[in-house]
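Presented below is the structure to which this report refers.
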Amino acid sequence: MKLPDKSIAMEEVVAQIPDGATVLVGGFGVPGTPFALLRELARQGQRDLVLVKNDANEAGMGIDHLIAGGQVRKLIVTHLGLNANAIAAMNEGRMEVEFCAQGILAERIRAGGAGLGAILTDIGIDTELAQGKQIVEMNGRPMLVESALRGDVALVHAARADCFGNLAYAATARNFNPLMAMAASRVIAETEELLPLGGLDPDSVESPGAFVDHVVKLDAISEEYGIVRR
């Protein structure tokens with residue numbers, strides 16, 4: 001059986017993201033953030049997006065281009081502290097924000113990828129994070145029900161990929177990317193290096209190609225995207 005070549009042009013694949021999509025975005029600050037895919041999404045102008053990301057990047061970087069363009073309806077995030085534009089959009093009512101403890105965010109995404117409906121945790125009990133959420137008793141203890149998170153699309157950044165979509169990340173740039181690559185109906189990976197099938201050592205594969213639908217080769221590695229080769 002011949003495995004498919006999943007490489008595709010960036011403009012073509014981003015055009016398949018519809019208005020109103022829930023988009024999982026990999027990255028922890030700069031490392032692992034798919035800056036090129038985000039810039040193209042901002043350029044194309046899809047609206048009413050729900051973004052799930054660890055952080056809001058900094059002003060002028062990453063998802064800030066989408067926030068500045070008024071394309072984000074809701075952001076599910078652990079913190080906004082490095083992005084004054086995101087804070088202003090929240091305070092002025094231009095963007096809904098759902099805060100989530102970092103470990104719980106990761107676990108909600110992992111649960112979505114595993115086909116679970118929710119997780120139970122005591123983190124956030126008796127805080128603002130519990131407002132509006134179901135509380136159940138488990139072994140005599142109150143537990144918050146945190147719903148699993150899945151996306152219509154996941155955008156991830158890899159250091160190396162093969163044409164089937166097997167991905168390898170650079171050190172801590174792995175972060176949220178493998179979880180998100182399992183928790184979306186369509187997964188788009190940008191990669192700094194695109195190899196032929198078999199070009200990745202099997203032991204270096206951190207996201208199997210079975211989870212990845214499309215691979216985009218980055219033609220330019222630049223500081224604009226927060227990606228610098230040393």
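Each chain in the structure tokens gets a letter, A, B and so on, in the order shown; residues start at 1 in every chain, and ligands are counted from 1 in the order they appear.
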Taking only C-alpha atoms into account, produce a table as a tab-separated table in which each residue of region 37-56 of chain A with an atom at most 12 Å from an atom of region 186-209 of chain A appears once, together with its shortest atom pair and the distance in Å to one decimal, ordered by chain and rising number.
```
residue	atom	partner	partner_atom	distance
A:Leu37	CA	A:Glu190	CA	7.0
A:Leu38	CA	A:Glu190	CA	10.3
A:Glu40	CA	A:Glu190	CA	11.6
```
Fill in: Residue neighbourhood Val13 (chain A), 9 Å, only C-alpha atoms, exclusion window fewer than 5 positions, as a PyMOL selection string
chain A and resi 8+188+214+216
Practice prompt. Rank nothing, just name the residue among A:Val30, A:Met180, A:Val215, A:Leu167 nearest to Pro4 (chain A), using only C-alpha atoms.
Written response: A:Val215
Discussion item. When you look at Ala68 (chain A) with a cut-off of 12 Å (counting only C-alpha atoms), what residues show up, excluding the ones that are within fewer than 2 positions of it in the same chain? I need them as a PyMOL selection string.
Written reply: chain A and resi 39+42-43+45+47+56+58-66+70-73+83-90+94-95
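Shortest separation to Gln16 (chain A) among A:Ala36, A:Ala130, A:Leu41, A:Leu120 occurs at residue A:Leu41, atoms counted being only C-alpha atoms.
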Fill in: Among listed residues A:Met138, A:Leu24, A:Ile17, A:Ala173, nearest Arg150 (chain A) (using only C-alpha atoms)
A:Leu24
Worksheet, complete the sentence: Residue with the minimum atom-to-atom distance to Leu129 (chain A), picked from A:Ala114, A:Cys100, A:His157, A:Ala106 with only C-alpha atoms counted, is A:Cys100
Item to complete: Quick one: pick out all strand (DSSP E) residues within region 92-210 of chain A from a backbone DSSP run and write them as a PyMOL selection string.
Response: chain A and resi 96-99+118-121+135-138+141-147+151-162+167-168+184-195
